[in-house]
Amino acid sequence: IDIGRAENISYFVTPDDRVYADVITDGIRLTMVLRGKQFKQYLRSKQFENTDKSPGSDAVQQAIDTLEALAVKNADKRDVCVRIADHDEKIYIDLADESWKSIEVDRHGWRVVDDSPVRFIRGASSPLPMPIEGGRVEDFKDLCGFSDDAWVLILTFLLQALKPEKAYPILFLIAPPATGKTTITRAFKNLVDPSPGQPRKTVGEVRDFAIHATKRHVLPIDNLSGVTNDQSDILCCAATGGGHSQRTLHSDDEETVMNFTNLLVLNGIGEIASRGDLLSRAYPVTLTAPTKRLSEAVFEAKFEALRPSVFGALLTLLSQVLAILPDVQGTYTGDGERFVSFVELGLALERVLNWTPGTFLRVIGDTREEAHDTAIESSPIGVPLRDFMSLNETWSGTMTNLLQQLKLQVDESVARSKFFPQNSIGLGKMLTRLHSDLAATGIEVTTRKTNGTKIVQIVKRPTKPQFDEFVASVEVVSIPDSPHEVFEEAYEYTYEDEPPAPLNLGDWDSSDDLMAVGDDE
C-alpha cells in the first residue's frame, strides 16, 4: 500500500468507474489498469527491491483493494483511449514505444511530444515507427499496386483511422486469389495501428470479439467467406459503437461492460456481406492482380523501409486536411449517407491533393451502387421483385397478393425453400430490410392500412447517380490560403527603396508571429 501511495503514482477513474494508475518511472509516465497484470507486477518488483522478498498474491490483492477504494474516493475523472484521441482541437496518436511518446497533430502541422494531455492504454498496441518528413503517401500506393479509384478510398480510410470518431465506416477489400489481399490488409494495419499477431480469421462469438476489439483501434479480419446474421450484427455494432456485458468473474450480482468502436478492415474472395444494414456501413474496394507479384518477404522488407516516411507523409496530409476541413463541413447535402464525416474528410482530401472535382463522390457513388445491387441480389425476394417491377410501373395489393406474384417469378423449388418467405410476415420483414436498397435502385415500397388491411404500394421512379447531386453542393467550398500564399500576396506592395530580402519562413509556425509585425512593415 505504501508503494502504491508514493509520490510518483497518481490515480484517475474513468466514467465507467474503472481505476487507472499513472506511474512516473525515470521521467516517463506509464498508464496502467489498477487491477491489471502490469501494475501488480510493478508492486511486486518494488517490494522485492525494498525487502528482497516477493509478496504473496493475498498481500498484493489486499493492497489493490485498498488503493482502489482510496482512488474511487479522491481521484479525478478522465477517459482512456486506445491509439488515438483528441483534445483541445488537436489529435494525439500513441506511438506505443518504450518512452511513451505521442504524436500531436493540428492544422499547423505535427510534432512528437513527451507528455500528452490524454491517457492511452496499451491493450494490444505495438510500436509505430518514428515518423520522418519528406516521404510520399503514393509510395504505399505504388508498392501495393492500387488502381486510382481504389487509392481514393484506401487513402481516405488511412486518414480516417488517424482521426477519432464515434463511428467508422467499414473497408471491404474484395479480390480474387493471389492478389495479396492478406498482405495488404496487414500492411494497412501496421501503417496506422500495428498490433501483435495475425489478423482474425473469423468474427466469432460476441464475447471473444469484444475482448479483441477493446484492445485495438483498427481491427482487420482476413479471408472472410461470408458472415451470419449474428456476426453481421456484431460488425455493425463495432463500426457504429457497441458493447458487451457479462457477469463479473467471481461475482453473482456485478457485470463487466466492454465498449468498443473500431475501424474494421475485412477482406475476402467474393462478396463478404449481403445484409443491407452491414452493406450500408461499408465501402467495398476491388483489388486487382499486380502486374508483378512480389514475394511476401520482399514486400515486407520494402514496406518496413518505407513505413517511417509514409507515416510522416500521412501525418502531414492529415494536418493539411484538418486546416481546410472546417470550410468543407456542412457543404455535403447527400441524403441517406450514414458516415457524413467520412465523406467530408474525403472532400477535404480531394482539395488538398487537387484531384479532379467530384472524384471522391464519384468513387463512393460507384461503391454505394455496388452495395445496393449486392444486397438486392443476395435477398431471396430482391431479384424476383425487381423482375416483377420491370413489367409494371406501379403495383398495389396486400402482402399476401405480393407474395403470390413473387412466387411466379421463381422456380417452384425456390418458392418452397426455407430461404423464401412462406407468409406475409416473413415477406414484410424482408421488404423492411431491403427498403433503402430498393429505393436507391428506383423501386419505392410503402405500406398503408385501409379498413384494417395492410396495403403495399410499389412505384418505379427514375434514378440518378447519387454523386451527381452532391458535386454541385460542394463547388462553393474555398480553400484557405497557406501562410506562404498570404505572405506573397502581402509582399506585392511597392517600395521607394530597394525591397528587403524575403523572410525565411522555414521555422514559421504561427500566424501570431506574422501579425505581430508593425503595419508599416
# chains A, B, ... in the order shown; residues from 1 in each chain; ligands from 1
$ residues_around --residues "Ala178 in chain A" --least-positions-apart "2" --cutoff "9 Å" --atoms "only C-alpha atoms" --output "PDB file with N, CA and C atoms, in the first residue's frame"
ATOM      1  N   ALA A 175     -11.147  -9.362 -53.519  1.00  0.00           N
ATOM      2  CA  ALA A 175     -10.120  -9.673 -54.516  1.00  0.00           C
ATOM      3  C   ALA A 175     -10.109 -11.167 -54.799  1.00  0.00           C
ATOM      4  N   PRO A 176      -9.731 -11.544 -56.020  1.00  0.00           N
ATOM      5  CA  PRO A 176      -9.549 -12.968 -56.331  1.00  0.00           C
ATOM      6  C   PRO A 176      -8.303 -13.504 -55.650  1.00  0.00           C
ATOM      7  N   GLY A 180      -2.719 -10.710 -53.100  1.00  0.00           N
ATOM      8  CA  GLY A 180      -2.027 -10.128 -51.956  1.00  0.00           C
ATOM      9  C   GLY A 180      -2.922  -9.420 -50.975  1.00  0.00           C
ATOM     10  N   LYS A 181      -4.201  -9.818 -50.902  1.00  0.00           N
ATOM     11  CA  LYS A 181      -5.138  -9.103 -50.027  1.00  0.00           C
ATOM     12  C   LYS A 181      -4.775  -9.261 -48.552  1.00  0.00           C
ATOM     13  N   ALA A 289      -5.103  -7.856 -59.589  1.00  0.00           N
ATOM     14  CA  ALA A 289      -3.843  -8.597 -59.512  1.00  0.00           C
ATOM     15  C   ALA A 289      -2.690  -7.720 -59.977  1.00  0.00           C
ATOM     16  N   ARG A 293       4.048  -9.761 -59.139  1.00  0.00           N
ATOM     17  CA  ARG A 293       3.788 -10.170 -57.753  1.00  0.00           C
ATOM     18  C   ARG A 293       5.103 -10.304 -56.996  1.00  0.00           C
TER      19      ARG A 293
END
$ residues_around --residues "Leu391 in chain A" --least-positions-apart "5" --cutoff "12 Å" --atoms "only C-alpha atoms" --output "PyMOL selection string"
chain A and resi 384-386+405+409+459-460
$ write_last_selection --atoms "N, CA and C atoms" --output "PDB file, in the first residue's frame"
ATOM      1  N   PRO A 384     -36.538 -11.404 -57.728  1.00  0.00           N
ATOM      2  CA  PRO A 384     -37.932 -11.592 -58.160  1.00  0.00           C
ATOM      3  C   PRO A 384     -38.748 -10.298 -58.131  1.00  0.00           C
ATOM      4  N   LEU A 385     -38.532  -9.457 -57.115  1.00  0.00           N
ATOM      5  CA  LEU A 385     -39.263  -8.196 -57.050  1.00  0.00           C
ATOM      6  C   LEU A 385     -38.820  -7.252 -58.163  1.00  0.00           C
ATOM      7  N   ARG A 386     -37.523  -7.217 -58.429  1.00  0.00           N
ATOM      8  CA  ARG A 386     -37.019  -6.361 -59.494  1.00  0.00           C
ATOM      9  C   ARG A 386     -37.552  -6.825 -60.853  1.00  0.00           C
ATOM     10  N   GLN A 405     -47.383 -13.064 -56.300  1.00  0.00           N
ATOM     11  CA  GLN A 405     -46.760 -12.562 -57.530  1.00  0.00           C
ATOM     12  C   GLN A 405     -45.270 -12.903 -57.576  1.00  0.00           C
ATOM     13  N   GLN A 409     -42.306 -15.587 -60.087  1.00  0.00           N
ATOM     14  CA  GLN A 409     -41.058 -15.167 -60.713  1.00  0.00           C
ATOM     15  C   GLN A 409     -39.920 -16.158 -60.480  1.00  0.00           C
ATOM     16  N   VAL A 459     -43.838   1.644 -56.450  1.00  0.00           N
ATOM     17  CA  VAL A 459     -43.760   2.596 -57.558  1.00  0.00           C
ATOM     18  C   VAL A 459     -42.332   2.618 -58.082  1.00  0.00           C
ATOM     19  N   LYS A 460     -42.203   2.585 -59.416  1.00  0.00           N
ATOM     20  CA  LYS A 460     -40.884   2.744 -60.031  1.00  0.00           C
ATOM     21  C   LYS A 460     -40.623   4.224 -60.275  1.00  0.00           C
TER      22      LYS A 460
END
$ residues_around --residues "range 90-106 of chain A" --least-positions-apart "4" --cutoff "10 Å" --atoms "only C-alpha atoms" --output "PyMOL selection string"
chain A and resi 26-31+81-86+110-122+124-131+162-164+192-194+315-316+318-323
$ atom_distance --atom1 "CA of Lys37 in chain A" --atom2 "CA of Leu191 in chain A"
28.1 Å
$ closest_atom_pairs --of "range 364-429 of chain A" --to "range 435-457 of chain A" --cutoff "6 Å" --atoms "only C-alpha atoms" --output "JSON lines"
{"residue": "A:His372", "atom": "CA", "partner": "A:Asp437", "partner_atom": "CA", "distance": 4.9}
{"residue": "A:Trp395", "atom": "CA", "partner": "A:Gln457", "partner_atom": "CA", "distance": 6.0}
{"residue": "A:Ser396", "atom": "CA", "partner": "A:Gln457", "partner_atom": "CA", "distance": 4.6}
{"residue": "A:Gly397", "atom": "CA", "partner": "A:Ile455", "partner_atom": "CA", "distance": 5.4}
{"residue": "A:Thr398", "atom": "CA", "partner": "A:Ile455", "partner_atom": "CA", "distance": 4.7}
$ residues_around --residues "Gly4 in chain A" --least-positions-apart "3" --cutoff "12 Å" --atoms "only C-alpha atoms" --output "PDB file with N, CA, C and O atoms, in the first residue's frame"
ATOM      1  N   ILE A   1       0.836  -1.195   0.000  1.00  0.00           N
ATOM      2  CA  ILE A   1       0.000   0.000   0.000  1.00  0.00           C
ATOM      3  C   ILE A   1       0.875   1.250   0.000  1.00  0.00           C
ATOM      4  O   ILE A   1       0.606   2.214  -0.731  1.00  0.00           O
ATOM      5  N   GLU A   7       4.831   9.212  -4.131  1.00  0.00           N
ATOM      6  CA  GLU A   7       4.628  10.472  -4.840  1.00  0.00           C
ATOM      7  C   GLU A   7       4.646  10.303  -6.355  1.00  0.00           C
ATOM      8  O   GLU A   7       4.105  11.149  -7.082  1.00  0.00           O
ATOM      9  N   ASN A   8       5.281   9.247  -6.814  1.00  0.00           N
ATOM     10  CA  ASN A   8       5.382   9.071  -8.267  1.00  0.00           C
ATOM     11  C   ASN A   8       4.160   8.386  -8.885  1.00  0.00           C
ATOM     12  O   ASN A   8       4.145   8.103 -10.082  1.00  0.00           O
ATOM     13  N   ILE A   9       3.133   8.124  -8.072  1.00  0.00           N
ATOM     14  CA  ILE A   9       1.936   7.443  -8.571  1.00  0.00           C
ATOM     15  C   ILE A   9       0.698   8.291  -8.267  1.00  0.00           C
ATOM     16  O   ILE A   9       0.522   8.774  -7.144  1.00  0.00           O
ATOM     17  N   SER A  10      -0.113   8.473  -9.275  1.00  0.00           N
ATOM     18  CA  SER A  10      -1.412   9.129  -9.096  1.00  0.00           C
ATOM     19  C   SER A  10      -2.473   8.259  -9.780  1.00  0.00           C
ATOM     20  O   SER A  10      -2.154   7.393 -10.604  1.00  0.00           O
ATOM     21  N   TYR A  11      -3.726   8.517  -9.440  1.00  0.00           N
ATOM     22  CA  TYR A  11      -4.807   7.660  -9.927  1.00  0.00           C
ATOM     23  C   TYR A  11      -5.914   8.511 -10.553  1.00  0.00           C
ATOM     24  O   TYR A  11      -6.084   9.680 -10.220  1.00  0.00           O
ATOM     25  N   TYR A  20      -7.380   3.635 -12.911  1.00  0.00           N
ATOM     26  CA  TYR A  20      -6.085   3.541 -13.588  1.00  0.00           C
ATOM     27  C   TYR A  20      -5.028   4.253 -12.755  1.00  0.00           C
ATOM     28  O   TYR A  20      -5.336   5.185 -11.998  1.00  0.00           O
ATOM     29  N   ALA A  21      -3.792   3.817 -12.943  1.00  0.00           N
ATOM     30  CA  ALA A  21      -2.669   4.419 -12.231  1.00  0.00           C
ATOM     31  C   ALA A  21      -1.709   5.052 -13.233  1.00  0.00           C
ATOM     32  O   ALA A  21      -1.362   4.440 -14.249  1.00  0.00           O
ATOM     33  N   ASP A  22      -1.298   6.286 -12.949  1.00  0.00           N
ATOM     34  CA  ASP A  22      -0.219   6.944 -13.687  1.00  0.00           C
ATOM     35  C   ASP A  22       1.059   6.793 -12.871  1.00  0.00           C
ATOM     36  O   ASP A  22       1.177   7.334 -11.767  1.00  0.00           O
ATOM     37  N   VAL A  23       2.012   6.040 -13.405  1.00  0.00           N
ATOM     38  CA  VAL A  23       3.251   5.751 -12.689  1.00  0.00           C
ATOM     39  C   VAL A  23       4.403   6.473 -13.392  1.00  0.00           C
ATOM     40  O   VAL A  23       4.645   6.241 -14.585  1.00  0.00           O
ATOM     41  N   ILE A  24       5.092   7.352 -12.677  1.00  0.00           N
ATOM     42  CA  ILE A  24       6.245   8.058 -13.231  1.00  0.00           C
ATOM     43  C   ILE A  24       7.501   7.254 -12.920  1.00  0.00           C
ATOM     44  O   ILE A  24       7.872   7.068 -11.756  1.00  0.00           O
ATOM     45  N   LEU A  34      -5.372  -0.432 -12.757  1.00  0.00           N
ATOM     46  CA  LEU A  34      -5.049  -0.728 -11.353  1.00  0.00           C
ATOM     47  C   LEU A  34      -5.116  -2.229 -11.075  1.00  0.00           C
ATOM     48  O   LEU A  34      -4.255  -2.779 -10.387  1.00  0.00           O
ATOM     49  N   PHE A  39       0.373  -3.498 -13.415  1.00  0.00           N
ATOM     50  CA  PHE A  39       0.500  -2.772 -12.154  1.00  0.00           C
ATOM     51  C   PHE A  39       0.826  -3.725 -11.005  1.00  0.00           C
ATOM     52  O   PHE A  39       1.616  -3.387 -10.103  1.00  0.00           O
ATOM     53  N   LYS A  40       0.261  -4.899 -11.021  1.00  0.00           N
ATOM     54  CA  LYS A  40       0.587  -5.886  -9.985  1.00  0.00           C
ATOM     55  C   LYS A  40       2.062  -6.268 -10.058  1.00  0.00           C
ATOM     56  O   LYS A  40       2.729  -6.420  -9.020  1.00  0.00           O
ATOM     57  N   GLN A  41       2.581  -6.413 -11.259  1.00  0.00           N
ATOM     58  CA  GLN A  41       4.000  -6.717 -11.411  1.00  0.00           C
ATOM     59  C   GLN A  41       4.864  -5.567 -10.898  1.00  0.00           C
ATOM     60  O   GLN A  41       5.926  -5.799 -10.306  1.00  0.00           O
ATOM     61  N   TYR A  42       4.391  -4.339 -11.117  1.00  0.00           N
ATOM     62  CA  TYR A  42       5.136  -3.181 -10.622  1.00  0.00           C
ATOM     63  C   TYR A  42       5.212  -3.215  -9.093  1.00  0.00           C
ATOM     64  O   TYR A  42       6.288  -3.000  -8.501  1.00  0.00           O
ATOM     65  N   LEU A  43       4.088  -3.478  -8.425  1.00  0.00           N
ATOM     66  CA  LEU A  43       4.087  -3.545  -6.959  1.00  0.00           C
ATOM     67  C   LEU A  43       5.027  -4.646  -6.462  1.00  0.00           C
ATOM     68  O   LEU A  43       5.790  -4.450  -5.503  1.00  0.00           O
ATOM     69  N   ARG A  44       4.974  -5.797  -7.103  1.00  0.00           N
ATOM     70  CA  ARG A  44       5.824  -6.908  -6.683  1.00  0.00           C
ATOM     71  C   ARG A  44       7.309  -6.578  -6.851  1.00  0.00           C
ATOM     72  O   ARG A  44       8.135  -6.863  -5.975  1.00  0.00           O
ATOM     73  N   LYS A  46       8.780  -3.614  -6.949  1.00  0.00           N
ATOM     74  CA  LYS A  46       9.227  -2.597  -5.996  1.00  0.00           C
ATOM     75  C   LYS A  46       9.354  -3.174  -4.591  1.00  0.00           C
ATOM     76  O   LYS A  46      10.288  -2.843  -3.852  1.00  0.00           O
ATOM     77  N   GLN A  47       8.440  -4.052  -4.227  1.00  0.00           N
ATOM     78  CA  GLN A  47       8.526  -4.687  -2.917  1.00  0.00           C
ATOM     79  C   GLN A  47       9.778  -5.561  -2.819  1.00  0.00           C
ATOM     80  O   GLN A  47      10.442  -5.611  -1.775  1.00  0.00           O
ATOM     81  N   VAL A  60      -0.821  -8.728  -2.319  1.00  0.00           N
ATOM     82  CA  VAL A  60      -0.984  -7.844  -3.484  1.00  0.00           C
ATOM     83  C   VAL A  60      -2.458  -7.507  -3.687  1.00  0.00           C
ATOM     84  O   VAL A  60      -2.821  -6.352  -3.933  1.00  0.00           O
ATOM     85  N   GLN A  62      -4.888  -7.470  -1.470  1.00  0.00           N
ATOM     86  CA  GLN A  62      -5.368  -6.571  -0.417  1.00  0.00           C
ATOM     87  C   GLN A  62      -4.897  -5.136  -0.686  1.00  0.00           C
ATOM     88  O   GLN A  62      -5.636  -4.175  -0.461  1.00  0.00           O
ATOM     89  N   ALA A  63      -3.661  -4.997  -1.156  1.00  0.00           N
ATOM     90  CA  ALA A  63      -3.157  -3.666  -1.491  1.00  0.00           C
ATOM     91  C   ALA A  63      -3.966  -3.048  -2.628  1.00  0.00           C
ATOM     92  O   ALA A  63      -4.336  -1.863  -2.583  1.00  0.00           O
ATOM     93  N   ILE A  64      -4.255  -3.850  -3.640  1.00  0.00           N
ATOM     94  CA  ILE A  64      -5.040  -3.362  -4.774  1.00  0.00           C
ATOM     95  C   ILE A  64      -6.426  -2.917  -4.302  1.00  0.00           C
ATOM     96  O   ILE A  64      -6.922  -1.843  -4.695  1.00  0.00           O
ATOM     97  N   ASP A  65      -7.068  -3.704  -3.458  1.00  0.00           N
ATOM     98  CA  ASP A  65      -8.399  -3.354  -2.960  1.00  0.00           C
ATOM     99  C   ASP A  65      -8.367  -2.031  -2.206  1.00  0.00           C
ATOM    100  O   ASP A  65      -9.249  -1.174  -2.369  1.00  0.00           O
ATOM    101  N   THR A  66      -7.349  -1.855  -1.376  1.00  0.00           N
ATOM    102  CA  THR A  66      -7.243  -0.622  -0.589  1.00  0.00           C
ATOM    103  C   THR A  66      -6.971   0.585  -1.493  1.00  0.00           C
ATOM    104  O   THR A  66      -7.599   1.651  -1.347  1.00  0.00           O
ATOM    105  N   LEU A  67      -6.036   0.441  -2.425  1.00  0.00           N
ATOM    106  CA  LEU A  67      -5.702   1.541  -3.328  1.00  0.00           C
ATOM    107  C   LEU A  67      -6.902   1.922  -4.196  1.00  0.00           C
ATOM    108  O   LEU A  67      -7.121   3.102  -4.480  1.00  0.00           O
ATOM    109  N   GLU A  68      -7.679   0.921  -4.597  1.00  0.00           N
ATOM    110  CA  GLU A  68      -8.857   1.210  -5.415  1.00  0.00           C
ATOM    111  C   GLU A  68      -9.885   2.000  -4.610  1.00  0.00           C
ATOM    112  O   GLU A  68     -10.481   2.961  -5.121  1.00  0.00           O
ATOM    113  N   LEU A  70      -9.326   4.037  -2.106  1.00  0.00           N
ATOM    114  CA  LEU A  70      -8.838   5.409  -1.962  1.00  0.00           C
ATOM    115  C   LEU A  70      -8.983   6.191  -3.263  1.00  0.00           C
ATOM    116  O   LEU A  70      -9.332   7.378  -3.250  1.00  0.00           O
ATOM    117  N   ALA A  71      -8.723   5.529  -4.404  1.00  0.00           N
ATOM    118  CA  ALA A  71      -8.797   6.214  -5.694  1.00  0.00           C
ATOM    119  C   ALA A  71     -10.225   6.604  -6.038  1.00  0.00           C
ATOM    120  O   ALA A  71     -10.488   7.711  -6.515  1.00  0.00           O
TER     121      ALA A  71
END
$ select_by_dssp --residues "range 256-494 of chain A" --states "helix (DSSP H, G or I)" --output "JSON, numbers by chain"
{"A": [276, 277, 278, 279, 296, 297, 298, 299, 300, 301, 302, 303, 304, 305, 306, 307, 308, 309, 310, 311, 312, 313, 314, 315, 316, 317, 318, 319, 320, 321, 322, 323, 324, 325, 326, 327, 328, 340, 341, 342, 343, 344, 345, 346, 347, 348, 349, 350, 351, 352, 359, 360, 361, 362, 363, 364, 365, 366, 367, 368, 369, 370, 371, 372, 373, 374, 375, 376, 377, 378, 382, 383, 384, 385, 386, 387, 388, 389, 399, 400, 401, 402, 403, 404, 405, 406, 407, 412, 413, 414, 415, 424, 425, 426, 427, 428, 429, 430, 431, 432, 433, 434, 435, 436, 437, 438, 439, 440, 466, 467, 468, 469, 470, 471, 472, 473, 474, 483, 484, 485, 486, 487, 488, 489, 490]}
$ residues_around --residues "Ala282 in chain A" --least-positions-apart "5" --cutoff "10 Å" --atoms "only C-alpha atoms" --output "number ranges by chain"
A: 168-172, 236, 239, 264-266, 273, 276-277, 338-339, 367-368, 371
$ write_last_selection --atoms "C-alpha atoms" --output "PDB file, in the first residue's frame"
ATOM      1  CA  TYR A 168     -16.339   4.410 -38.579  1.00  0.00           C
ATOM      2  CA  PRO A 169     -17.259   3.005 -41.995  1.00  0.00           C
ATOM      3  CA  ILE A 170     -16.055  -0.490 -42.855  1.00  0.00           C
ATOM      4  CA  LEU A 171     -13.451  -1.136 -45.536  1.00  0.00           C
ATOM      5  CA  PHE A 172     -14.182  -4.263 -47.617  1.00  0.00           C
ATOM      6  CA  CYS A 236     -22.425  -3.286 -37.320  1.00  0.00           C
ATOM      7  CA  ALA A 239     -18.476   0.123 -36.654  1.00  0.00           C
ATOM      8  CA  LEU A 264     -12.808  -2.540 -39.495  1.00  0.00           C
ATOM      9  CA  VAL A 265     -10.834  -3.836 -42.483  1.00  0.00           C
ATOM     10  CA  LEU A 266     -12.297  -7.029 -43.938  1.00  0.00           C
ATOM     11  CA  ALA A 273     -21.708  -9.442 -46.821  1.00  0.00           C
ATOM     12  CA  GLY A 276     -28.262  -4.211 -46.229  1.00  0.00           C
ATOM     13  CA  ASP A 277     -27.586  -2.938 -42.711  1.00  0.00           C
ATOM     14  CA  ARG A 338     -24.568   7.249 -42.757  1.00  0.00           C
ATOM     15  CA  PHE A 339     -20.967   8.492 -42.421  1.00  0.00           C
ATOM     16  CA  THR A 367     -19.326   1.666 -54.326  1.00  0.00           C
ATOM     17  CA  ARG A 368     -22.770   2.508 -52.988  1.00  0.00           C
ATOM     18  CA  ALA A 371     -23.505  -2.383 -52.341  1.00  0.00           C
TER      19      ALA A 371
END
$ residues_around --residues "Ala187 in chain A" --least-positions-apart "6" --cutoff "12 Å" --atoms "only C-alpha atoms" --output "PyMOL selection string"
chain A and resi 140-141+143-144+154+158+180-181+193-195+198-199+218+220+265+296+299-304+306-307+310-311
$ atom_distance --atom1 "CA of Arg433 in chain A" --atom2 "CA of Val410 in chain A"
20.3 Å
